[in-house]
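Next comes data_34.txt, a file with compact mmCIF, C-alpha atoms.
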```
# COMPACT_ATOMS: atom_id res chain seq x y z
CA MET E 795 66.38 -126.53 -1.38
CA THR E 796 67.15 -125.17 -4.85
CA ILE E 797 66.94 -121.67 -6.27
CA ASP E 798 63.65 -120.31 -7.52
CA PRO E 799 64.92 -117.71 -10.02
CA GLN E 800 61.74 -115.63 -10.13
CA ALA E 801 61.47 -115.64 -6.34
CA LEU E 802 65.00 -114.26 -6.13
CA LEU E 803 64.12 -111.40 -8.46
CA ARG E 804 61.02 -110.67 -6.40
CA ARG E 805 62.88 -110.88 -3.11
CA THR E 806 62.13 -107.89 -0.89
CA PHE E 807 64.95 -106.19 0.97
CA VAL E 808 64.25 -103.85 3.85
CA PRO E 809 66.00 -100.52 3.21
CA VAL E 810 69.15 -100.31 5.29
CA GLU E 811 69.93 -97.16 7.25
CA HIS E 812 73.60 -96.84 8.07
CA ARG E 813 74.99 -94.24 10.43
CA TYR E 814 78.76 -94.18 10.31
CA THR E 815 81.40 -92.10 12.03
CA VAL E 816 84.88 -90.83 11.23
CA ARG E 817 86.16 -93.89 13.11
CA ASP E 818 84.37 -96.18 10.61
CA THR E 819 85.81 -94.20 7.69
CA MET E 820 89.33 -94.53 9.05
CA LEU E 821 88.86 -98.25 9.83
CA TYR E 822 87.74 -98.91 6.25
CA ALA E 823 90.82 -97.17 4.86
CA LEU E 824 93.09 -99.11 7.21
CA GLY E 825 91.40 -102.32 6.04
CA VAL E 826 92.48 -101.72 2.43
CA GLY E 827 96.03 -100.72 3.37
CA LEU E 828 96.06 -96.94 3.74
CA GLY E 829 98.41 -95.66 6.40
CA ALA E 830 101.21 -98.13 5.60
CA ASP E 831 103.54 -95.15 5.24
CA PRO E 832 102.95 -92.91 8.29
CA LEU E 833 104.89 -90.06 6.66
CA ASP E 834 102.78 -90.00 3.49
CA ARG E 835 100.30 -87.16 3.94
CA GLY E 836 98.30 -88.37 0.95
CA GLN E 837 97.49 -91.58 2.79
CA LEU E 838 97.08 -89.75 6.09
CA ARG E 839 94.05 -87.80 4.90
CA TYR E 840 92.08 -91.07 4.81
CA VAL E 841 93.15 -92.42 8.22
CA PHE E 842 93.44 -89.28 10.38
CA GLU E 843 90.57 -87.13 11.59
CA ASP E 844 92.08 -83.73 10.70
CA GLY E 845 90.88 -83.07 7.14
CA LEU E 846 89.55 -86.63 6.83
CA ALA E 847 88.14 -87.80 3.48
CA ALA E 848 86.29 -91.03 2.66
CA LEU E 849 87.82 -93.36 0.09
CA PRO E 850 85.54 -93.67 -2.96
CA THR E 851 85.41 -97.48 -2.66
CA MET E 852 83.90 -97.14 0.81
CA ALA E 853 80.61 -97.05 -1.10
CA ASN E 854 80.97 -100.84 -1.24
CA VAL E 855 80.31 -101.17 2.50
CA LEU E 856 77.80 -98.36 3.08
CA ALA E 857 74.26 -99.59 3.85
CA PHE E 858 75.47 -103.11 3.08
CA PRO E 859 72.53 -105.56 3.12
CA GLY E 860 74.55 -108.27 4.89
CA PHE E 861 75.35 -111.80 3.78
CA TRP E 862 71.73 -112.53 2.92
CA ALA E 863 72.61 -115.35 0.47
CA ARG E 864 73.22 -117.49 3.56
CA GLU E 865 69.53 -117.38 4.49
CA ALA E 866 67.85 -120.76 3.95
CA ASP E 867 64.92 -119.50 1.86
CA THR E 868 67.22 -118.29 -0.96
CA GLY E 869 68.14 -121.83 -2.00
CA ILE E 870 71.67 -120.60 -2.75
CA ASP E 871 74.62 -122.89 -2.04
CA TRP E 872 76.31 -120.02 -0.23
CA ARG E 873 79.49 -121.95 0.64
CA ARG E 874 80.36 -122.13 -3.06
CA LEU E 875 79.48 -118.62 -4.21
CA VAL E 876 82.29 -116.44 -5.55
CA HIS E 877 82.35 -112.71 -6.13
CA ALA E 878 82.79 -112.26 -9.90
CA GLU E 879 82.53 -108.50 -10.54
CA GLN E 880 81.93 -105.29 -8.61
CA SER E 881 81.26 -101.78 -9.83
CA ILE E 882 80.51 -98.44 -8.25
CA VAL E 883 79.26 -95.22 -9.79
CA LEU E 884 79.74 -92.17 -7.58
CA HIS E 885 77.09 -89.49 -7.94
CA ASP E 886 78.66 -87.28 -5.26
CA VAL E 887 81.66 -87.20 -2.94
CA LEU E 888 81.05 -89.57 -0.03
CA PRO E 889 80.70 -87.79 3.33
CA GLU E 890 83.34 -88.69 5.91
CA GLU E 891 80.52 -89.42 8.38
CA GLY E 892 76.74 -89.30 8.46
CA LEU E 893 73.53 -91.23 7.87
CA VAL E 894 72.88 -92.95 4.55
CA ALA E 895 70.20 -95.31 3.26
CA GLY E 896 70.65 -98.24 0.89
CA ARG E 897 68.03 -100.00 -1.23
CA ASN E 898 69.13 -103.41 -2.50
CA ARG E 899 67.54 -105.58 -5.19
CA VAL E 900 68.37 -108.65 -7.22
CA ALA E 901 68.43 -107.24 -10.74
CA ALA E 902 69.22 -110.32 -12.85
CA LEU E 903 69.95 -114.06 -12.76
CA TRP E 904 71.62 -115.87 -15.65
CA ASP E 905 71.91 -119.69 -15.58
CA LYS E 906 75.12 -121.01 -17.16
CA GLY E 907 73.90 -124.62 -17.11
CA ALA E 908 74.14 -127.68 -14.89
CA GLY E 909 77.58 -127.96 -13.35
CA LYS E 910 78.57 -124.48 -14.63
CA GLY E 911 76.90 -122.28 -12.04
CA ALA E 912 74.69 -119.22 -12.33
CA LEU E 913 75.39 -115.48 -12.31
CA MET E 914 73.38 -113.23 -9.99
CA GLN E 915 73.45 -109.45 -10.26
CA GLN E 916 72.35 -107.23 -7.39
CA VAL E 917 72.16 -103.44 -7.35
CA ARG E 918 72.24 -101.12 -4.33
CA GLU E 919 71.32 -97.44 -4.51
CA ILE E 920 72.84 -95.33 -1.71
CA GLU E 921 71.38 -91.97 -0.73
CA SER E 922 72.06 -89.38 1.94
CA ALA E 923 69.52 -88.91 4.72
CA GLU E 924 68.12 -86.02 2.67
CA GLY E 925 67.60 -88.26 -0.36
CA ARG E 926 70.64 -87.05 -2.34
CA PRO E 927 72.03 -89.84 -4.56
CA LEU E 928 75.55 -90.78 -3.48
CA ALA E 929 76.44 -94.02 -5.25
CA THR E 930 75.16 -97.00 -7.21
CA VAL E 931 76.83 -100.29 -6.34
CA THR E 932 76.46 -103.33 -8.62
CA GLN E 933 77.68 -106.79 -7.70
CA LEU E 934 77.90 -109.87 -9.92
CA THR E 935 78.17 -113.16 -8.03
CA LEU E 936 79.00 -116.58 -9.46
CA LEU E 937 76.83 -119.19 -7.76
CA ARG E 938 79.11 -122.14 -8.43
CA GLY E 939 76.75 -124.71 -6.92
CA ASP E 940 73.51 -123.54 -8.54
CA GLY E 941 73.85 -124.18 -12.27
CA GLY E 942 70.75 -125.61 -13.92
CA CYS E 943 68.36 -123.49 -11.85
CA GLY E 944 67.00 -121.70 -14.93
CA SER E 945 67.52 -118.09 -16.00
CA ALA E 946 65.27 -115.29 -14.87
CA THR E 947 66.80 -112.71 -17.21
CA GLU E 948 67.31 -112.63 -20.96
CA GLY E 949 70.66 -111.94 -22.57
CA ALA E 950 73.92 -111.97 -20.67
CA PRO E 951 75.88 -109.79 -18.23
CA PRO E 952 77.65 -106.73 -19.67
CA PRO E 953 80.84 -107.70 -21.55
CA PRO E 954 84.15 -107.11 -19.75
CA HIS E 955 86.22 -103.97 -20.24
CA GLU E 956 89.00 -104.67 -22.72
CA LEU E 957 92.55 -103.63 -21.82
CA PRO E 958 94.78 -101.76 -24.30
CA GLY E 959 97.34 -103.83 -26.21
CA ARG E 960 100.32 -101.64 -25.27
CA ALA E 961 102.55 -101.82 -22.20
CA PRO E 962 101.12 -100.22 -19.04
CA ASP E 963 101.57 -96.48 -18.61
CA ALA E 964 102.11 -96.83 -14.85
CA VAL E 965 102.64 -99.57 -12.28
CA CYS E 966 102.18 -99.54 -8.49
CA GLU E 967 103.02 -102.27 -5.97
CA LEU E 968 101.28 -102.29 -2.60
CA PRO E 969 101.64 -104.84 0.22
CA THR E 970 98.70 -106.28 2.14
CA LEU E 971 98.74 -107.27 5.80
CA PRO E 972 98.45 -110.91 6.93
CA GLN E 973 95.43 -109.80 8.99
CA ALA E 974 93.95 -107.66 6.19
CA ALA E 975 90.78 -109.78 5.77
CA LEU E 976 90.13 -109.72 9.52
CA LEU E 977 90.47 -105.94 9.49
CA TYR E 978 88.32 -105.46 6.40
CA ARG E 979 85.43 -107.58 7.69
CA LEU E 980 84.97 -105.10 10.56
CA SER E 981 83.55 -102.72 7.94
CA GLY E 982 80.50 -104.98 7.65
CA ASP E 983 81.14 -107.98 5.38
CA TYR E 984 81.20 -110.92 7.81
CA ASN E 985 81.28 -113.78 5.30
CA PRO E 986 83.18 -116.47 7.27
CA LEU E 987 85.08 -117.44 4.11
CA HIS E 988 87.45 -114.61 4.99
CA ALA E 989 88.04 -115.59 8.60
CA ASP E 990 87.28 -119.27 9.32
CA PRO E 991 89.83 -121.79 7.94
CA GLU E 992 87.23 -124.60 7.95
CA VAL E 993 84.78 -122.57 5.85
CA ALA E 994 87.60 -121.64 3.48
CA ALA E 995 88.62 -125.29 3.14
CA ALA E 996 85.03 -126.33 2.42
CA ALA E 997 85.01 -123.76 -0.39
CA GLY E 998 88.21 -125.20 -1.84
CA PHE E 999 90.76 -122.69 -0.52
CA GLU E 1000 93.86 -123.55 1.48
CA ARG E 1001 93.17 -120.71 3.92
CA PRO E 1002 90.86 -117.70 4.31
CA ILE E 1003 91.05 -115.32 1.37
CA MET E 1004 90.77 -111.56 1.04
CA HIS E 1005 87.39 -110.03 0.31
CA GLY E 1006 87.15 -109.19 -3.36
CA MET E 1007 86.04 -105.70 -2.42
CA ALA E 1008 89.18 -105.30 -0.29
CA THR E 1009 91.29 -106.19 -3.33
CA MET E 1010 89.27 -103.60 -5.25
CA GLY E 1011 90.14 -101.05 -2.56
CA VAL E 1012 93.86 -101.82 -2.89
CA ALA E 1013 93.66 -101.28 -6.67
CA ALA E 1014 91.78 -98.01 -6.13
CA HIS E 1015 94.54 -96.95 -3.74
CA ALA E 1016 97.09 -97.66 -6.48
CA VAL E 1017 95.25 -95.34 -8.88
CA LEU E 1018 94.84 -92.61 -6.24
CA ARG E 1019 98.50 -92.81 -5.31
CA THR E 1020 100.04 -93.11 -8.75
CA LEU E 1021 97.80 -90.96 -10.96
CA LEU E 1022 95.63 -88.68 -8.81
CA GLY E 1023 97.87 -87.42 -6.02
CA TYR E 1024 95.34 -88.89 -3.57
CA ASP E 1025 92.62 -86.53 -4.84
CA SER E 1026 89.52 -88.70 -4.46
CA ARG E 1027 87.26 -85.98 -5.88
CA ARG E 1028 88.34 -87.07 -9.37
CA PHE E 1029 87.10 -90.62 -8.80
CA ALA E 1030 83.82 -91.06 -10.70
CA GLY E 1031 83.48 -94.84 -10.74
CA MET E 1032 85.21 -98.20 -10.85
CA ARG E 1033 84.49 -101.63 -12.28
CA VAL E 1034 86.59 -104.70 -11.51
CA ARG E 1035 86.55 -108.32 -12.59
CA PHE E 1036 87.80 -110.82 -10.01
CA THR E 1037 89.87 -113.58 -11.61
CA ALA E 1038 91.75 -115.23 -8.73
CA PRO E 1039 91.71 -115.09 -4.93
CA VAL E 1040 94.15 -112.99 -2.92
CA PHE E 1041 95.66 -114.35 0.27
CA PRO E 1042 96.19 -111.80 3.04
CA GLY E 1043 99.83 -110.76 3.21
CA GLU E 1044 100.47 -110.85 -0.54
CA THR E 1045 101.90 -107.91 -2.46
CA LEU E 1046 99.68 -106.65 -5.27
CA ARG E 1047 100.99 -104.98 -8.42
CA THR E 1048 98.47 -102.83 -10.28
CA GLU E 1049 99.20 -102.06 -13.93
CA MET E 1050 97.45 -98.98 -15.34
CA TRP E 1051 96.70 -97.65 -18.83
CA VAL E 1052 95.52 -94.03 -19.09
CA ASP E 1053 93.27 -92.98 -21.98
CA GLY E 1054 91.63 -89.64 -21.27
CA ASP E 1055 89.19 -90.06 -18.40
CA VAL E 1056 89.44 -93.88 -18.38
CA VAL E 1057 92.11 -95.78 -16.46
CA SER E 1058 92.24 -99.44 -17.48
CA LEU E 1059 93.82 -101.72 -14.92
CA ARG E 1060 94.99 -105.20 -14.06
CA THR E 1061 96.22 -106.36 -10.63
CA VAL E 1062 98.65 -109.21 -10.04
CA ALA E 1063 99.66 -111.06 -6.85
CA THR E 1064 103.40 -110.79 -7.42
CA ALA E 1065 104.72 -113.87 -5.61
CA ARG E 1066 102.43 -116.21 -7.58
CA ASN E 1067 102.28 -114.08 -10.74
CA ALA E 1068 98.51 -114.56 -10.48
CA VAL E 1069 96.18 -112.06 -12.13
CA VAL E 1070 93.61 -111.29 -9.42
CA LEU E 1071 91.80 -108.37 -11.13
CA ASP E 1072 91.55 -108.26 -14.90
CA LYS E 1073 89.75 -106.19 -17.53
CA SER E 1074 88.99 -103.52 -14.96
CA ARG E 1075 88.65 -99.73 -15.11
CA VAL E 1076 88.40 -96.49 -13.17
CA ASP E 1077 86.46 -93.53 -14.57
CA LEU E 1078 87.74 -90.05 -13.77
CA ARG E 1079 86.32 -86.57 -13.44
CA PRO E 1080 88.29 -83.54 -14.68
CA PRO E 1081 90.76 -82.02 -12.19
CA VAL E 1082 89.19 -79.80 -9.51
CA HIS E 1083 90.65 -76.29 -9.48
```
Mind converting the file's structure to structure tokens?
Amino acid sequence: MTIDPQALLRRTFVPVEHRYTVRDTMLYALGVGLGADPLDRGQLRYVFEDGLAALPTMANVLAFPGFWAREADTGIDWRRLVHAEQSIVLHDVLPEEGLVAGRNRVAALWDKGAGKGALMQQVREIESAEGRPLATVTQLTLLRGDGGCGSATEGAPPPPHELPGRAPDAVCELPTLPQAALLYRLSGDYNPLHADPEVAAAAGFERPIMHGMATMGVAAHAVLRTLLGYDSRRFAGMRVRFTAPVFPGETLRTEMWVDGDVVSLRTVATARNAVVLDKSRVDLRPPVH
């Protein structure tokens, strides 16, 4: 079965209600590496129930629609899809627990041509149980096995964020755990690419890789730690471009450029000197007094 581009755009998603607890909030933070230093009270506020806060990037897993690309009627060669970009816009501070609802849709499909893949954009709006907007999550996926399907959307995806030409203003190195992908998937993204060595091999990887959104969480942690004193209230949004896989256990170095309320960033797997996030950014709110 091959992709029907218009059918993908018309695809109906049942709204997802997601009730989560403080335990889920702490598990998410542990999955992206918070708590590595048990004496760091900045990290502790995201992994300990007293005064608990939700990490901004937890929006990525709230009301998650599941790995629906694996369903046969999509026509997607799901074993070969790769996460290309992810962005979040935060309309409010995420509650540390509660009931939220997510409405997912396929917003665009751009065909790159036979043998070159296709780009699929999906958008998820997350609201509180009372209907208060919390976050907009946008995901761009490269469908490596589906080029030549035909575009359903005119134009092209938004251009990447350009990094400044000067040396970084700040740098932060953070380790990841060998079991990081297995921890992160417990927050709701059960794509077997991140757990099953045979699935990873079929996709062309030597072993299971980190979720792109987990790598995004590590980079967000770097910004929170280095520039914001772990004050997540200043986090207004984030957009990342995935450029290489991360293997669980690698150390990630995030380079940051600060220009007003925009933090440009690039993340490198240090041992391989591989750029894993490039042309990425975090948008800030003014300090809260």
Residue nearest E:Met852 - candidates E:Val1012, E:Ala950, E:Val1076, E:Ala995, atoms counted: only C-alpha atoms: E:Val1012
Of the listed residues E:Gly825, E:Gly1031, E:Gly860, E:Gly896, that which approaches E:Val1017 most closely, counting all atoms listed in the file: E:Gly1031
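Using all atoms listed in the file, the contacts of E:Asp1055 at a cut-off of 8 Å, with sequence neighbours closer than 6 positions omitted, comprise Asp1077, Leu1078, Arg1079 and Pro1080 of chain E.
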Proximity to E:Leu968 - best of E:Gln915, E:Thr815, E:Ser981, E:Thr1009, all atoms listed in the file: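 Residue with the minimum atom-to-atom distance to E:Leu968: E:Thr1009.
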Straight-line distance linking atom CA of E:Ala847 with atom CA of E:Glu890, stated in Å to one decimal: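 A separation of 5.5 Å between them.
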E:His885 environment, 8 Å, all atoms listed in the file, sequence neighbours closer than 3 positions dropped, as JSON, numbers by chain: {"E": [927, 928, 929, 930, 1030]}
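Computed from the coordinates, the atom CA of E:Ala853 to atom CA of E:Ala1068 distance equals 26.7 Å.
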Among listed residues E:His955, E:Pro1002, E:Leu1022, E:Ala1014, nearest E:Leu1046 (using all atoms listed in the file): E:Ala1014
Two-atom distance - atom CA of E:Ala996, atom CA of E:Asn854 (Å):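 Answer for the atom CA of E:Ala996 to atom CA of E:Asn854 separation: 26.1 Å.
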Would you fill the gaps in stretch 1012-1044 of chain E so it has N, CA and C atoms, then print it as a PDB file, in the frame of the given file?
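Output saved as out.pdb:
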```pdb
ATOM      1  N   VAL E1012      92.413-101.936  -2.705  1.00  0.00           N
ATOM      2  CA  VAL E1012      93.860-101.820  -2.890  1.00  0.00           C
ATOM      3  C   VAL E1012      94.168-101.284  -4.294  1.00  0.00           C
ATOM      4  N   ALA E1013      93.447-101.773  -5.309  1.00  0.00           N
ATOM      5  CA  ALA E1013      93.660-101.280  -6.670  1.00  0.00           C
ATOM      6  C   ALA E1013      93.266 -99.808  -6.796  1.00  0.00           C
ATOM      7  N   ALA E1014      92.178 -99.420  -6.129  1.00  0.00           N
ATOM      8  CA  ALA E1014      91.780 -98.010  -6.130  1.00  0.00           C
ATOM      9  C   ALA E1014      92.857 -97.152  -5.482  1.00  0.00           C
ATOM     10  N   HIS E1015      93.447 -97.655  -4.401  1.00  0.00           N
ATOM     11  CA  HIS E1015      94.540 -96.950  -3.740  1.00  0.00           C
ATOM     12  C   HIS E1015      95.705 -96.750  -4.716  1.00  0.00           C
ATOM     13  N   ALA E1016      96.004 -97.777  -5.509  1.00  0.00           N
ATOM     14  CA  ALA E1016      97.090 -97.660  -6.480  1.00  0.00           C
ATOM     15  C   ALA E1016      96.832 -96.527  -7.465  1.00  0.00           C
ATOM     16  N   VAL E1017      95.599 -96.408  -7.942  1.00  0.00           N
ATOM     17  CA  VAL E1017      95.250 -95.340  -8.880  1.00  0.00           C
ATOM     18  C   VAL E1017      95.339 -93.981  -8.198  1.00  0.00           C
ATOM     19  N   LEU E1018      94.792 -93.873  -6.988  1.00  0.00           N
ATOM     20  CA  LEU E1018      94.840 -92.610  -6.240  1.00  0.00           C
ATOM     21  C   LEU E1018      96.287 -92.178  -6.013  1.00  0.00           C
ATOM     22  N   ARG E1019      97.119 -93.122  -5.630  1.00  0.00           N
ATOM     23  CA  ARG E1019      98.500 -92.810  -5.310  1.00  0.00           C
ATOM     24  C   ARG E1019      99.320 -92.453  -6.542  1.00  0.00           C
ATOM     25  N   THR E1020      99.158 -93.217  -7.600  1.00  0.00           N
ATOM     26  CA  THR E1020     100.040 -93.110  -8.750  1.00  0.00           C
ATOM     27  C   THR E1020      99.614 -92.017  -9.733  1.00  0.00           C
ATOM     28  N   LEU E1021      98.298 -91.839  -9.905  1.00  0.00           N
ATOM     29  CA  LEU E1021      97.800 -90.960 -10.960  1.00  0.00           C
ATOM     30  C   LEU E1021      97.076 -89.717 -10.462  1.00  0.00           C
ATOM     31  N   LEU E1022      96.525 -89.753  -9.250  1.00  0.00           N
ATOM     32  CA  LEU E1022      95.630 -88.680  -8.810  1.00  0.00           C
ATOM     33  C   LEU E1022      96.159 -87.872  -7.632  1.00  0.00           C
ATOM     34  N   GLY E1023      97.350 -88.167  -7.161  1.00  0.00           N
ATOM     35  CA  GLY E1023      97.870 -87.420  -6.020  1.00  0.00           C
ATOM     36  C   GLY E1023      96.964 -87.502  -4.811  1.00  0.00           C
ATOM     37  N   TYR E1024      96.283 -88.634  -4.671  1.00  0.00           N
ATOM     38  CA  TYR E1024      95.340 -88.890  -3.570  1.00  0.00           C
ATOM     39  C   TYR E1024      94.136 -87.947  -3.577  1.00  0.00           C
ATOM     40  N   ASP E1025      93.803 -87.402  -4.733  1.00  0.00           N
ATOM     41  CA  ASP E1025      92.620 -86.530  -4.840  1.00  0.00           C
ATOM     42  C   ASP E1025      91.410 -87.382  -5.213  1.00  0.00           C
ATOM     43  N   SER E1026      90.648 -87.803  -4.219  1.00  0.00           N
ATOM     44  CA  SER E1026      89.520 -88.700  -4.460  1.00  0.00           C
ATOM     45  C   SER E1026      88.350 -88.014  -5.142  1.00  0.00           C
ATOM     46  N   ARG E1027      88.363 -86.690  -5.220  1.00  0.00           N
ATOM     47  CA  ARG E1027      87.260 -85.980  -5.880  1.00  0.00           C
ATOM     48  C   ARG E1027      87.209 -86.297  -7.370  1.00  0.00           C
ATOM     49  N   ARG E1028      88.318 -86.762  -7.946  1.00  0.00           N
ATOM     50  CA  ARG E1028      88.340 -87.070  -9.370  1.00  0.00           C
ATOM     51  C   ARG E1028      87.813 -88.469  -9.673  1.00  0.00           C
ATOM     52  N   PHE E1029      87.533 -89.233  -8.660  1.00  0.00           N
ATOM     53  CA  PHE E1029      87.100 -90.620  -8.800  1.00  0.00           C
ATOM     54  C   PHE E1029      85.610 -90.654  -9.103  1.00  0.00           C
ATOM     55  N   ALA E1030      85.238 -91.048 -10.320  1.00  0.00           N
ATOM     56  CA  ALA E1030      83.820 -91.060 -10.700  1.00  0.00           C
ATOM     57  C   ALA E1030      83.205 -92.451 -10.643  1.00  0.00           C
ATOM     58  N   GLY E1031      84.024 -93.489 -10.770  1.00  0.00           N
ATOM     59  CA  GLY E1031      83.480 -94.840 -10.740  1.00  0.00           C
ATOM     60  C   GLY E1031      84.575 -95.859 -10.944  1.00  0.00           C
ATOM     61  N   MET E1032      84.235 -97.127 -10.708  1.00  0.00           N
ATOM     62  CA  MET E1032      85.210 -98.200 -10.850  1.00  0.00           C
ATOM     63  C   MET E1032      84.476 -99.501 -11.125  1.00  0.00           C
ATOM     64  N   ARG E1033      85.043-100.304 -11.989  1.00  0.00           N
ATOM     65  CA  ARG E1033      84.490-101.630 -12.280  1.00  0.00           C
ATOM     66  C   ARG E1033      85.644-102.623 -12.311  1.00  0.00           C
ATOM     67  N   VAL E1034      85.524-103.702 -11.548  1.00  0.00           N
ATOM     68  CA  VAL E1034      86.590-104.700 -11.510  1.00  0.00           C
ATOM     69  C   VAL E1034      86.014-106.083 -11.765  1.00  0.00           C
ATOM     70  N   ARG E1035      86.881-106.920 -12.309  1.00  0.00           N
ATOM     71  CA  ARG E1035      86.550-108.320 -12.590  1.00  0.00           C
ATOM     72  C   ARG E1035      87.512-109.190 -11.791  1.00  0.00           C
ATOM     73  N   PHE E1036      86.975-109.984 -10.874  1.00  0.00           N
ATOM     74  CA  PHE E1036      87.800-110.820 -10.010  1.00  0.00           C
ATOM     75  C   PHE E1036      88.144-112.112 -10.744  1.00  0.00           C
ATOM     76  N   THR E1037      89.438-112.417 -10.836  1.00  0.00           N
ATOM     77  CA  THR E1037      89.870-113.580 -11.610  1.00  0.00           C
ATOM     78  C   THR E1037      90.625-114.616 -10.797  1.00  0.00           C
ATOM     79  N   ALA E1038      91.067-114.275  -9.598  1.00  0.00           N
ATOM     80  CA  ALA E1038      91.750-115.230  -8.730  1.00  0.00           C
ATOM     81  C   ALA E1038      91.710-114.683  -7.307  1.00  0.00           C
ATOM     82  N   PRO E1039      91.737-115.563  -6.317  1.00  0.00           N
ATOM     83  CA  PRO E1039      91.710-115.090  -4.930  1.00  0.00           C
ATOM     84  C   PRO E1039      93.031-114.453  -4.537  1.00  0.00           C
ATOM     85  N   VAL E1040      92.957-113.578  -3.539  1.00  0.00           N
ATOM     86  CA  VAL E1040      94.150-112.990  -2.920  1.00  0.00           C
ATOM     87  C   VAL E1040      94.240-113.520  -1.501  1.00  0.00           C
ATOM     88  N   PHE E1041      95.439-113.909  -1.095  1.00  0.00           N
ATOM     89  CA  PHE E1041      95.660-114.350   0.270  1.00  0.00           C
ATOM     90  C   PHE E1041      96.236-113.196   1.070  1.00  0.00           C
ATOM     91  N   PRO E1042      95.670-112.909   2.230  1.00  0.00           N
ATOM     92  CA  PRO E1042      96.190-111.800   3.040  1.00  0.00           C
ATOM     93  C   PRO E1042      97.692-111.918   3.247  1.00  0.00           C
ATOM     94  N   GLY E1043      98.380-110.789   3.088  1.00  0.00           N
ATOM     95  CA  GLY E1043      99.830-110.760   3.210  1.00  0.00           C
ATOM     96  C   GLY E1043     100.542-110.686   1.878  1.00  0.00           C
ATOM     97  N   GLU E1044      99.834-110.918   0.777  1.00  0.00           N
ATOM     98  CA  GLU E1044     100.470-110.850  -0.540  1.00  0.00           C
ATOM     99  C   GLU E1044     100.683-109.405  -0.969  1.00  0.00           C
TER     100      GLU E1044
END
```
